[in-house]
Amino acid sequence: QQPVQSPQAVILREGEDAVINCSSSKALYSVHWYRQKHGEAPVFLMILLKGGEQKGHDKISASFNEKKQQSSLYLTASQLSYSGTYFCGTEGPNTNAGKSTFGDGTTLTVKP
Amino acid sequence: KAGVTQTPRYLIKTRGQQVTLSCSPISGHRSVSWYQQTPGQGLQFLFEYFSETQRNKGNFPGRFSGRQFSNSRSEMNVSTLELGDSALYLCASSLESTGNEQFFGPGTRLTVL
């Protein structure tokens with residue numbers, strides 16, 4: 001079952017912050033985040049493996065709440081280059097190892 | 001390191017034909033996953049291969065098949081093409097099967113007429 005992402009779309013001005021959420025109805029082993037620009041392949045942003053793990057680089061960070069089966073991606077002080085569609089991908093525990101299920105994506109538009 | 005490569009980049013086929021797509025993973029990566037991407041359906045998991053074995057399969061009909069070779073290169077085959085098979089087919093490679101970031105190739109854009 002695919003994870004549910006929210007919101008579906010968000011429009012920001014440069015410098016504003018955004019949060020994208022990813023929820024699953026099943027137990028999760030890991031959560032991946034990707035950004036895809038129009039006409040390009042998805043690009044890996046980060047992976048979270050442990051419940052409660054938080055990661056970040058530059059001004060993009062993410063958290064993973066294993067108990068709630070949720071992950072959130074935080075974009076702070078957004079830049080024009082952040083525009084694109086963000087996907088979360090989830091992996092279940094061992095029985096579903098190697099099978100990544102993606103949400104429908106969140107389209108982020110950053111305007112000057 | 002060279003990235004994931006996919007060939008061909010574009011394909012036009014007619015209904016009923018079959019097609020074979022190829023994916024060369026990043027050197028050293030043993031896992032290759034295939035995805036179908038369409039505007040209305042997002043990224044749909046097709047299957048994953050690890051060390052020449054299919055580990056997982058998504059909810060696609062048997063017309064979709066794949067294989068992986070000893071050098072980790074993978075092919076995906078779609079037989080008896082239907083109009084609804086028109087999509088961007090992406091492959092992604094990772095070091096291991098689970099818990100590793102996936103690196104996507106540029107995709108093969110398949111159009112079925």
# chains A, B, ... in the order shown; residues from 1 in each chain; ligands from 1
>>> interface_residues(of="chain B", to="chain A", cutoff="8 Å", atoms="only C-alpha atoms", output="JSON, numbers by chain")
{"B": [41, 42, 43, 44, 45, 47, 48, 55, 56, 57, 90, 97, 98, 99, 100, 101, 102, 103, 104, 105, 106, 107]}
>>> residues_around(residues="region 72-83 of chain B", least_positions_apart="6", cutoff="12 Å", atoms="only C-alpha atoms", output="PyMOL selection string")
chain B and resi 4-8+12-36+46-54+60-66+89-96+108+110-113
>>> residues_around(residues="region 68-79 of chain A", least_positions_apart="2", cutoff="8 Å", atoms="only C-alpha atoms", output="PyMOL selection string")
chain A and resi 12-28+31+33+59-66+81-83+110
>>> select_by_dssp(residues="chain B", states="strand (DSSP E or B)", output="PyMOL selection string")
chain B and resi 5-7+10-13+19-24+31-38+42-50+53-57+64-68+74-78+87-94+103-104+108-112
